[in-house]
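Note: the block below is upload_6.pdb and it holds PDB, C-alpha atoms.
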ATOM      1  CA  MET A   1      70.117 164.073 169.082
ATOM      2  CA  GLU A   2      67.073 165.542 170.682
ATOM      3  CA  ASN A   3      67.561 163.333 173.698
ATOM      4  CA  SER A   4      71.154 164.477 174.261
ATOM      5  CA  GLY A   5      70.021 168.118 173.845
ATOM      6  CA  ASN A   6      67.477 167.621 176.629
ATOM      7  CA  LYS A   7      70.161 166.152 178.835
ATOM      8  CA  ILE A   8      72.323 169.239 178.334
ATOM      9  CA  LEU A   9      69.397 171.481 179.197
ATOM     10  CA  ASP A  10      68.616 169.447 182.329
ATOM     11  CA  HIS A  11      72.265 169.462 183.258
ATOM     12  CA  ILE A  12      72.454 173.264 183.080
ATOM     13  CA  LEU A  13      69.459 173.687 185.372
ATOM     14  CA  ARG A  14      70.517 170.891 187.756
ATOM     15  CA  ASP A  15      73.996 172.390 188.094
ATOM     16  CA  ALA A  16      72.502 175.812 188.689
ATOM     17  CA  ARG A  17      70.119 174.450 191.335
ATOM     18  CA  GLU A  18      72.928 172.576 193.071
ATOM     19  CA  GLN A  19      75.129 175.639 192.957
ATOM     20  CA  ALA A  20      72.298 177.799 194.359
ATOM     21  CA  GLU A  21      71.607 175.267 197.127
ATOM     22  CA  GLY A  22      75.332 175.230 197.885
ATOM     23  CA  ILE A  23      75.427 179.034 198.124
ATOM     24  CA  ILE A  24      72.468 179.035 200.548
ATOM     25  CA  ALA A  25      73.845 176.141 202.561
ATOM     26  CA  ASP A  26      77.206 177.934 202.883
ATOM     27  CA  ALA A  27      75.420 181.136 203.891
ATOM     28  CA  ASN A  28      73.461 179.211 206.559
ATOM     29  CA  LYS A  29      76.619 177.557 207.884
ATOM     30  CA  SER A  30      78.418 180.870 207.903
ATOM     31  CA  ALA A  31      75.455 182.445 209.722
ATOM     32  CA  GLU A  32      75.526 179.683 212.339
ATOM     33  CA  ARG A  33      79.268 180.213 212.831
ATOM     34  CA  VAL A  34      78.805 183.975 213.257
ATOM     35  CA  ILE A  35      76.011 183.455 215.777
ATOM     36  CA  GLU A  36      77.967 180.772 217.639
ATOM     37  CA  LYS A  37      81.049 182.957 217.710
ATOM     38  CA  GLN A  38      79.065 185.844 219.228
ATOM     39  CA  ARG A  39      77.442 183.487 221.734
ATOM     40  CA  ASN A  40      80.858 182.275 222.847
ATOM     41  CA  LEU A  41      82.204 185.815 222.993
ATOM     42  CA  ALA A  42      79.246 186.882 225.124
ATOM     43  CA  LEU A  43      79.795 183.927 227.454
ATOM     44  CA  GLN A  44      83.495 184.689 227.699
ATOM     45  CA  ASN A  45      82.911 188.378 228.489
ATOM     46  CA  ALA A  46      80.022 187.734 230.883
ATOM     47  CA  GLU A  47      81.884 185.032 232.745
ATOM     48  CA  LYS A  48      84.624 187.483 233.703
ATOM     49  CA  ILE A  49      81.969 189.740 235.211
ATOM     50  CA  SER A  50      80.145 186.773 236.754
ATOM     51  CA  GLU A  51      83.316 185.549 238.410
ATOM     52  CA  ALA A  52      83.915 188.994 239.881
ATOM     53  CA  LEU A  53      80.278 189.118 241.063
ATOM     54  CA  LEU A  54      80.540 185.741 242.737
ATOM     55  CA  ASN A  55      83.847 186.583 244.381
ATOM     56  CA  ARG A  56      82.307 189.747 245.731
ATOM     57  CA  ALA A  57      79.248 187.811 246.909
ATOM     58  CA  VAL A  58      81.504 185.433 248.850
ATOM     59  CA  ASN A  59      83.245 188.397 250.502
ATOM     60  CA  ASP A  60      79.908 190.094 251.152
ATOM     61  CA  ALA A  61      78.628 186.861 252.685
ATOM     62  CA  ASP A  62      81.526 186.922 255.170
ATOM     63  CA  ILE A  63      80.726 190.529 256.031
ATOM     64  CA  ILE A  64      77.024 189.683 256.399
ATOM     65  CA  ARG A  65      77.861 186.780 258.728
ATOM     66  CA  GLY A  66      79.958 189.142 260.847
ATOM     67  CA  LYS A  67      77.311 191.870 260.906
ATOM     68  CA  VAL A  68      74.484 189.450 261.739
ATOM     69  CA  SER A  69      76.560 187.919 264.489
ATOM     70  CA  ILE A  70      77.384 191.342 265.975
ATOM     71  CA  LYS A  71      73.752 192.458 265.664
ATOM     72  CA  ILE A  72      72.427 189.375 267.434
ATOM     73  CA  LYS A  73      75.115 189.567 270.129
ATOM     74  CA  LYS A  74      74.040 193.178 270.691
ATOM     75  CA  GLN A  75      70.412 192.035 270.918
ATOM     76  CA  ALA A  76      71.489 189.420 273.454
ATOM     77  CA  ASP A  77      73.415 192.045 275.451
ATOM     78  CA  TRP A  78      70.397 194.300 275.260
ATOM     79  CA  ILE A  79      68.128 191.587 276.692
ATOM     80  CA  VAL A  80      70.390 191.379 279.752
ATOM     81  CA  LEU A  81      71.010 195.126 280.023
ATOM     82  CA  SER A  82      67.369 196.091 279.661
ATOM     83  CA  GLU A  83      66.433 193.640 282.403
ATOM     84  CA  LYS A  84      69.120 195.129 284.669
ATOM     85  CA  ASN A  85      67.880 198.592 283.795
ATOM     86  CA  ARG A  86      64.305 197.574 284.590
ATOM     87  CA  LEU A  87      65.348 196.186 287.964
ATOM     88  CA  ILE A  88      67.370 199.308 288.809
ATOM     89  CA  ALA A  89      64.422 201.515 287.859
ATOM     90  CA  SER A  90      62.205 199.310 289.967
ATOM     91  CA  VAL A  91      64.463 199.790 293.023
ATOM     92  CA  LEU A  92      64.628 203.538 292.417
ATOM     93  CA  GLY A  93      60.849 203.627 292.103
ATOM     94  CA  GLU A  94      60.435 201.811 295.386
ATOM     95  CA  VAL A  95      62.985 204.112 297.065
ATOM     96  CA  LYS A  96      61.051 207.104 295.814
ATOM     97  CA  ILE A  97      57.758 205.733 297.112
ATOM     98  CA  LYS A  98      59.325 205.092 300.529
ATOM     99  CA  LEU A  99      60.827 208.570 300.634
ATOM    100  CA  MET A 100      57.520 210.140 299.646
ATOM    101  CA  ASN A 101      55.791 208.207 302.401
ATOM    102  CA  MET A 102      58.448 209.129 304.977
ATOM    103  CA  GLN A 103      56.360 211.999 306.289
ATOM    104  CA  LYS A 104      54.628 209.447 308.473
ATOM    105  CA  SER A 105      57.903 208.090 309.868
ATOM    106  CA  GLU A 106      59.926 209.186 312.877
ATOM    107  CA  GLU A 107      63.082 209.900 310.958
ATOM    108  CA  TYR A 108      61.363 212.330 308.611
ATOM    109  CA  ILE A 109      61.781 215.505 310.656
ATOM    110  CA  SER A 110      65.440 214.776 311.370
ATOM    111  CA  TYR A 111      65.895 214.206 307.627
ATOM    112  CA  ILE A 112      64.240 217.544 306.796
ATOM    113  CA  LYS A 113      66.462 219.230 309.353
ATOM    114  CA  LYS A 114      69.491 217.610 307.787
ATOM    115  CA  LEU A 115      68.396 218.856 304.345
ATOM    116  CA  ILE A 116      67.979 222.394 305.660
ATOM    117  CA  VAL A 117      71.432 222.339 307.298
ATOM    118  CA  ASN A 118      72.959 220.871 304.155
ATOM    119  CA  ALA A 119      71.379 223.612 301.994
ATOM    120  CA  GLY A 120      72.337 226.325 304.498
ATOM    121  CA  ILE A 121      75.982 225.282 304.407
ATOM    122  CA  ILE A 122      75.962 225.155 300.608
ATOM    123  CA  LEU A 123      74.496 228.679 300.554
ATOM    124  CA  ASP A 124      77.181 229.745 303.048
ATOM    125  CA  GLY A 125      74.785 230.817 305.796
ATOM    126  CA  GLY A 126      73.403 234.315 306.239
ATOM    127  CA  VAL A 127      69.721 235.202 306.061
ATOM    128  CA  LEU A 128      67.989 232.304 304.348
ATOM    129  CA  GLU A 129      64.399 231.585 303.448
ATOM    130  CA  VAL A 130      63.125 228.029 303.909
ATOM    131  CA  ILE A 131      60.287 226.770 301.766
ATOM    132  CA  LEU A 132      58.494 223.852 303.384
ATOM    133  CA  SER A 133      55.142 222.180 303.120
ATOM    134  CA  GLU A 134      52.382 223.581 305.279
ATOM    135  CA  ASN A 135      52.627 220.645 307.634
ATOM    136  CA  ASP A 136      56.427 220.540 307.845
ATOM    137  CA  SER A 137      56.710 224.218 308.665
ATOM    138  CA  LYS A 138      54.833 223.527 311.905
ATOM    139  CA  LEU A 139      57.162 220.712 312.885
ATOM    140  CA  VAL A 140      60.621 222.177 312.350
ATOM    141  CA  GLN A 141      62.316 224.385 314.941
ATOM    142  CA  PHE A 142      64.989 226.542 313.339
ATOM    143  CA  ASP A 143      67.115 227.750 316.235
ATOM    144  CA  VAL A 144      69.267 224.607 316.533
ATOM    145  CA  LEU A 145      69.648 224.498 312.771
ATOM    146  CA  GLU A 146      70.724 228.146 312.601
ATOM    147  CA  LYS A 147      73.451 227.433 315.115
ATOM    148  CA  GLU A 148      74.676 224.378 313.255
ATOM    149  CA  ILE A 149      74.795 226.243 309.939
ATOM    150  CA  SER A 150      76.510 229.213 311.574
ATOM    151  CA  ASP A 151      79.074 226.923 313.196
ATOM    152  CA  ARG A 152      79.779 224.995 310.053
ATOM    153  CA  SER A 153      79.708 227.849 307.549
ATOM    154  CA  GLY A 154      81.351 230.391 309.846
ATOM    155  CA  VAL A 155      78.634 232.915 308.951
ATOM    156  CA  HIS A 156      75.906 233.969 311.349
ATOM    157  CA  THR A 157      72.708 232.449 310.021
ATOM    158  CA  HIS A 158      69.087 233.314 310.360
ATOM    159  CA  LEU A 159      66.426 231.045 308.898
ATOM    160  CA  LYS A 160      62.994 232.363 307.957
ATOM    161  CA  VAL A 161      59.976 230.279 306.971
ATOM    162  CA  SER A 162      58.887 231.351 303.541
ATOM    163  CA  GLN A 163      55.323 232.428 302.836
ATOM    164  CA  GLN A 164      55.667 230.327 299.731
ATOM    165  CA  LYS A 165      54.621 226.726 300.368
ATOM    166  CA  ASN A 166      56.163 223.619 298.947
ATOM    167  CA  ASN A 167      53.872 220.834 297.745
ATOM    168  CA  ALA A 168      56.721 218.406 297.165
ATOM    169  CA  VAL A 169      58.325 216.306 299.880
ATOM    170  CA  GLY A 170      61.522 217.948 301.095
ATOM    171  CA  VAL A 171      62.749 221.480 301.373
ATOM    172  CA  ILE A 172      63.924 224.409 299.248
ATOM    173  CA  VAL A 173      66.277 226.945 300.834
ATOM    174  CA  LYS A 174      67.122 230.247 299.149
ATOM    175  CA  THR A 175      69.056 233.389 299.859
ATOM    176  CA  GLU A 176      67.094 236.413 301.003
ATOM    177  CA  ASP A 177      67.653 238.188 297.699
ATOM    178  CA  ASP A 178      66.171 235.197 295.799
ATOM    179  CA  LYS A 179      69.311 234.894 293.696
ATOM    180  CA  ILE A 180      70.506 231.467 294.805
ATOM    181  CA  PHE A 181      68.549 228.482 296.003
ATOM    182  CA  VAL A 182      69.126 224.848 296.871
ATOM    183  CA  ASP A 183      66.370 222.458 295.930
ATOM    184  CA  ASN A 184      66.404 219.623 298.436
ATOM    185  CA  THR A 185      63.059 218.126 297.570
ATOM    186  CA  ILE A 186      63.048 214.359 297.175
ATOM    187  CA  GLU A 187      62.438 214.661 293.429
ATOM    188  CA  ALA A 188      65.398 217.009 293.020
ATOM    189  CA  ILE A 189      67.708 214.935 295.216
ATOM    190  CA  LEU A 190      66.864 211.770 293.312
ATOM    191  CA  GLY A 191      67.344 213.597 290.018
ATOM    192  CA  ARG A 192      70.758 214.938 291.050
ATOM    193  CA  ARG A 193      71.961 211.662 292.476
ATOM    194  CA  GLU A 194      70.383 209.323 289.958
ATOM    195  CA  LYS A 195      73.602 208.269 288.211
ATOM    196  CA  GLU A 196      75.369 207.636 291.490
ATOM    197  CA  LEU A 197      72.373 205.763 292.919
ATOM    198  CA  ARG A 198      72.033 203.630 289.809
ATOM    199  CA  LEU A 199      75.659 202.562 290.212
ATOM    200  CA  ILE A 200      75.127 201.724 293.865
ATOM    201  CA  ILE A 201      71.977 199.752 293.065
ATOM    202  CA  ALA A 202      73.711 197.891 290.245
ATOM    203  CA  ARG A 203      76.651 197.029 292.472
ATOM    204  CA  PHE A 204      74.463 195.606 295.195
ATOM    205  CA  LEU A 205      71.808 194.076 292.991
ATOM    206  CA  PHE A 206      74.024 192.267 290.494
ATOM    207  CA  ASN A 207      77.092 191.434 292.578
ATOM    208  CA  ASN A 208      77.324 189.342 295.680
ATOM    209  CA  MET A 209      76.591 191.720 298.533
ATOM    210  CA  ASP A 210      77.078 189.539 301.576
TER     211      ASP A 210
ATOM    212  CA  MET B   1      69.395 173.560 165.636
ATOM    213  CA  LEU B   2      68.520 177.164 166.277
ATOM    214  CA  ASP B   3      65.721 176.094 168.616
ATOM    215  CA  SER B   4      68.128 173.965 170.569
ATOM    216  CA  PHE B   5      70.565 176.842 170.855
ATOM    217  CA  LYS B   6      67.742 179.102 172.044
ATOM    218  CA  ALA B   7      66.687 176.522 174.577
ATOM    219  CA  VAL B   8      70.257 176.320 175.911
ATOM    220  CA  LEU B   9      70.466 180.091 176.162
ATOM    221  CA  GLU B  10      67.098 180.148 177.889
ATOM    222  CA  ASN B  11      68.213 177.566 180.428
ATOM    223  CA  GLU B  12      71.495 179.393 180.948
ATOM    224  CA  ARG B  13      69.523 182.533 181.748
ATOM    225  CA  THR B  14      67.259 180.601 184.117
ATOM    226  CA  ALA B  15      70.337 179.082 185.732
ATOM    227  CA  GLU B  16      71.898 182.508 186.175
ATOM    228  CA  LYS B  17      68.678 183.775 187.756
ATOM    229  CA  LEU B  18      68.642 180.818 190.126
ATOM    230  CA  ILE B  19      72.210 181.514 191.192
ATOM    231  CA  LEU B  20      71.604 185.229 191.478
ATOM    232  CA  ALA B  21      68.533 184.593 193.637
ATOM    233  CA  ALA B  22      70.585 182.233 195.779
ATOM    234  CA  LYS B  23      73.269 184.867 196.201
ATOM    235  CA  GLU B  24      70.662 187.448 197.157
ATOM    236  CA  GLN B  25      69.170 185.027 199.653
ATOM    237  CA  ALA B  26      72.657 184.286 200.990
ATOM    238  CA  GLU B  27      73.237 188.000 201.491
ATOM    239  CA  LYS B  28      69.956 188.259 203.393
ATOM    240  CA  ILE B  29      70.961 185.261 205.509
ATOM    241  CA  LYS B  30      74.267 186.997 206.234
ATOM    242  CA  ILE B  31      72.562 190.251 207.223
ATOM    243  CA  ASN B  32      70.010 188.390 209.352
ATOM    244  CA  ALA B  33      72.823 186.437 210.939
ATOM    245  CA  GLN B  34      74.613 189.661 211.921
ATOM    246  CA  GLU B  35      71.444 191.002 213.487
ATOM    247  CA  ARG B  36      70.725 187.697 215.176
ATOM    248  CA  ALA B  37      74.311 187.482 216.395
ATOM    249  CA  GLU B  38      73.965 190.846 218.119
ATOM    250  CA  THR B  39      70.742 189.708 219.779
ATOM    251  CA  VAL B  40      72.313 186.397 220.785
ATOM    252  CA  TYR B  41      75.318 188.256 222.206
ATOM    253  CA  THR B  42      73.131 190.582 224.288
ATOM    254  CA  GLN B  43      70.804 187.829 225.418
ATOM    255  CA  THR B  44      73.585 185.425 226.329
ATOM    256  CA  TYR B  45      75.534 188.148 228.126
ATOM    257  CA  GLN B  46      72.485 189.289 230.089
ATOM    258  CA  ASP B  47      71.397 185.740 230.947
ATOM    259  CA  THR B  48      74.861 184.830 232.200
ATOM    260  CA  ILE B  49      75.136 187.963 234.322
ATOM    261  CA  ALA B  50      71.597 187.464 235.623
ATOM    262  CA  LYS B  51      72.450 183.893 236.648
ATOM    263  CA  ALA B  52      75.551 185.127 238.466
ATOM    264  CA  GLU B  53      73.540 187.867 240.151
ATOM    265  CA  ASN B  54      70.930 185.369 241.321
ATOM    266  CA  LYS B  55      73.620 183.063 242.595
ATOM    267  CA  SER B  56      75.287 185.983 244.401
ATOM    268  CA  LYS B  57      71.958 186.888 245.990
ATOM    269  CA  ARG B  58      71.442 183.283 247.120
ATOM    270  CA  ILE B  59      74.976 183.118 248.571
ATOM    271  CA  LYS B  60      74.336 186.280 250.611
ATOM    272  CA  GLU B  61      70.845 185.238 251.729
ATOM    273  CA  GLN B  62      72.143 181.851 252.779
ATOM    274  CA  ALA B  63      74.985 183.474 254.723
ATOM    275  CA  LYS B  64      72.470 185.682 256.543
ATOM    276  CA  THR B  65      70.116 182.803 257.342
ATOM    277  CA  GLU B  66      72.941 180.595 258.581
ATOM    278  CA  ALA B  67      74.460 183.370 260.678
ATOM    279  CA  GLU B  68      71.075 184.205 262.232
ATOM    280  CA  SER B  69      70.503 180.579 263.046
ATOM    281  CA  GLU B  70      73.989 180.131 264.538
ATOM    282  CA  ALA B  71      73.695 183.325 266.587
ATOM    283  CA  GLN B  72      70.423 182.250 268.236
ATOM    284  CA  ILE B  73      72.570 180.561 270.864
ATOM    285  CA  PHE B  74      73.487 184.032 272.177
ATOM    286  CA  ILE B  75      69.816 184.993 272.473
ATOM    287  CA  LYS B  76      68.999 181.766 274.320
ATOM    288  CA  ARG B  77      71.951 182.306 276.652
ATOM    289  CA  ALA B  78      70.854 185.900 277.265
ATOM    290  CA  GLU B  79      67.271 184.847 278.037
ATOM    291  CA  LYS B  80      68.610 182.332 280.541
ATOM    292  CA  GLN B  81      70.867 184.968 282.083
ATOM    293  CA  LYS B  82      67.942 187.399 282.253
ATOM    294  CA  LYS B  83      65.862 184.907 284.225
ATOM    295  CA  LYS B  84      68.708 184.332 286.664
ATOM    296  CA  ILE B  85      69.369 188.063 287.108
ATOM    297  CA  LYS B  86      65.669 188.629 287.781
ATOM    298  CA  SER B  87      65.440 185.788 290.234
ATOM    299  CA  ASP B  88      68.632 186.814 292.102
ATOM    300  CA  ALA B  89      67.610 190.493 292.147
ATOM    301  CA  GLU B  90      64.159 189.744 293.516
ATOM    302  CA  LYS B  91      65.767 188.037 296.509
ATOM    303  CA  LYS B  92      67.916 191.114 297.219
ATOM    304  CA  PHE B  93      65.306 193.723 296.297
ATOM    305  CA  ASP B  94      64.187 194.845 299.773
ATOM    306  CA  LYS B  95      67.734 194.826 301.110
ATOM    307  CA  VAL B  96      68.949 197.015 298.249
ATOM    308  CA  VAL B  97      66.011 199.416 298.633
ATOM    309  CA  ASN B  98      66.913 199.860 302.299
ATOM    310  CA  LEU B  99      70.606 200.298 301.484
ATOM    311  CA  VAL B 100      69.781 203.042 298.990
ATOM    312  CA  LEU B 101      67.435 204.703 301.466
ATOM    313  CA  GLN B 102      70.207 204.690 304.061
ATOM    314  CA  GLU B 103      72.585 206.124 301.483
ATOM    315  CA  ILE B 104      70.189 208.992 300.812
ATOM    316  CA  LEU B 105      69.210 209.618 304.393
ATOM    317  CA  SER B 106      72.710 209.393 305.864
TER     318      SER B 106
END

Please, can you express the file's structure as C-alpha cells?
Amino acid sequence: MENSGNKILDHILRDAREQAEGIIADANKSAERVIEKQRNLALQNAEKISEALLNRAVNDADIIRGKVSIKIKKQADWIVLSEKNRLIASVLGEVKIKLMNMQKSEEYISYIKKLIVNAGIILDGGVLEVILSENDSKLVQFDVLEKEISDRSGVHTHLKVSQQKNNAVGVIVKTEDDKIFVDNTIEAILGRREKELRLIIARFLFNNMD
Amino acid sequence: MLDSFKAVLENERTAEKLILAAKEQAEKIKINAQERAETVYTQTYQDTIAKAENKSKRIKEQAKTEAESEAQIFIKRAEKQKKKIKSDAEKKFDKVVNLVLQEILS
C-alpha cells in the first residue's frame, strides 16, 4: 500500500517535470521560429535593396568606364596639343628674338619706315609725333615718309620726332594732341597678331608645307 | 491515510510550482526571443546591405581599373604622335621662323 502511494507521488512529480520541460521546450522552439522568421524577413527586405544597389552599381560602372575613357582620351589629346603649343611658342620666341636683333640688319630701317607709314595711314595723316629709340631717330629721314602718308591718306602730313624716347624695338606714332596713338613696337605687333601668327605657324609646322 | 493524502497534496503543490515556474520561464524565453528577433532582423538587414554595398564598390572600382588599363593605349599612341610631331617640327623649324618673319616684315 505504501509502495503504491509512493508511485503515485513520484508519478505526480514526474508528470509535472515532463510537462514543465515540454513548456520550456515549446517556448524554445517557438523562440527559434520567431527569430528565424525575422531573419528571413530581414533577408527578404534587404535583398530588394541589395538588388537595386547592385543594379545601380552596374549602371554606375558603365558610366565610370565612359568617364575614364573620355578623361584619358582628353589626356592623350592634351599630350599632343601641349607639344604643338610648345613648338608654336618656341617658333614665336625665336621670331621675337630675331626681330629684337634686327637692329643690326640691313632691312631694319626699311621696316621701321614701313611701320611709321603704316601708323601714319591708320592715324589718317596730319601732324604726327614719332617716338623712336635714340639710335633709330638718327637713322630715319621723314620727308619721304611724310609724302607717302600724305599720298595714301589724302591728308598733308608732317612727322615730328618726339622728345620722348622709346626703349623697345619699333616705333610709336601719335597725334599731336596725344589723343590717339599707334603702338608699332615689336612687342605690341606680336601681341596684336599672336592669334593669327599662331595659326600660320601651326599650318606650316604641322602640315606638309612643300 | 491522512499522511498519504497530505503527501499527495504536497506533491501536487510542488508539481503546480514546477509548471508555474516553467510557464514563467517560457514567458521570459518568449520576451527574450522578441528582443533577439529584433536584433537579428537589424543585424541581418545591415549585414546584407553592407555586403551589397561592398560588392557595388568592388564593381565600380573594377570598372575604373579596367577602363584605365584599356585606355592606356590612347596615351601610348599620343606619346608616339608627340615624338613624331616634335621630330617633324624640328626639321621645319628654321623655315617656319623665316616664313613668319617674312609675314611680319612684308

For this session: Just say which residues the ChimeraX specification (/B :<6) & /A picks in this file, as an MDAnalysis selection string.
Result: chainID A and resid 9 13 16 20 24 27 31 35 38:39 42 46 50 54 57 61 65 69 76 80 91 95 205

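You can rank A:Asn207, A:Glu134, A:Asp60, A:Trp78 by their closest distance to Val169 in chain A using all atoms listed in the file, and at the top of that list sits A:Glu134.
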
For this session: Evaluate the PyMOL selection byres ((chain A and resi 138-151) around 10) on the structure here and hand back the selected residues as a PyMOL selection string.
Result: chain A and resi 109-110+112-114+116-128+130+132-137+152-161

Problem set entry | Residues near Val173 in chain A, cut-off 6 Å, all atoms listed in the file, skip fewer than 5 positions along chain, as a PyMOL selection string | chain A and resi 129-130+181-182

Can you spit out the residues from that selection as a PDB file, keeping the file's coordinate frame, using C-alpha atoms?
ATOM      1  CA  GLU A 129      64.399 231.585 303.448  1.00  0.00           C
ATOM      2  CA  VAL A 130      63.125 228.029 303.909  1.00  0.00           C
ATOM      3  CA  PHE A 181      68.549 228.482 296.003  1.00  0.00           C
ATOM      4  CA  VAL A 182      69.126 224.848 296.871  1.00  0.00           C
TER       5      VAL A 182
END

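The interatomic distance for the pair CA of Arg193 in chain A and CA of Lys174 in chain A works out to 20.3 Å.
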
Exercise. Could you work out how far CA of Ala202 in chain A lies from CA of Lys84 in chain B, giving the answer in Å with one decimal?
Worked result: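 Going from CA of Lys84 in chain B over to CA of Ala202 in chain A covers 14.9 Å.
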
Problem set entry | Separation of CA of Thr185 in chain A from CA of Lys98 in chain A in Å | 13.9 Å

Extending 3 Å beyond the listed atoms of range 7-19 of chain B on each side, what axis-aligned box results? I want centre and edge lengths in Å to one decimal, as JSON.
{"center_x": 69.4, "center_y": 180.0, "center_z": 182.9, "size_x": 11.5, "size_y": 13.5, "size_z": 22.6}

For this session: Would you be able to write out as a PyMOL selection string which residues have an atom within 9 Å of (60.9, 210.1, 301.9) in the file's coordinates, counting all atoms listed in the file?
Result: (chain A and resi 95-103+105+108+111+169-170+186) or (chain B and resi 101+105)
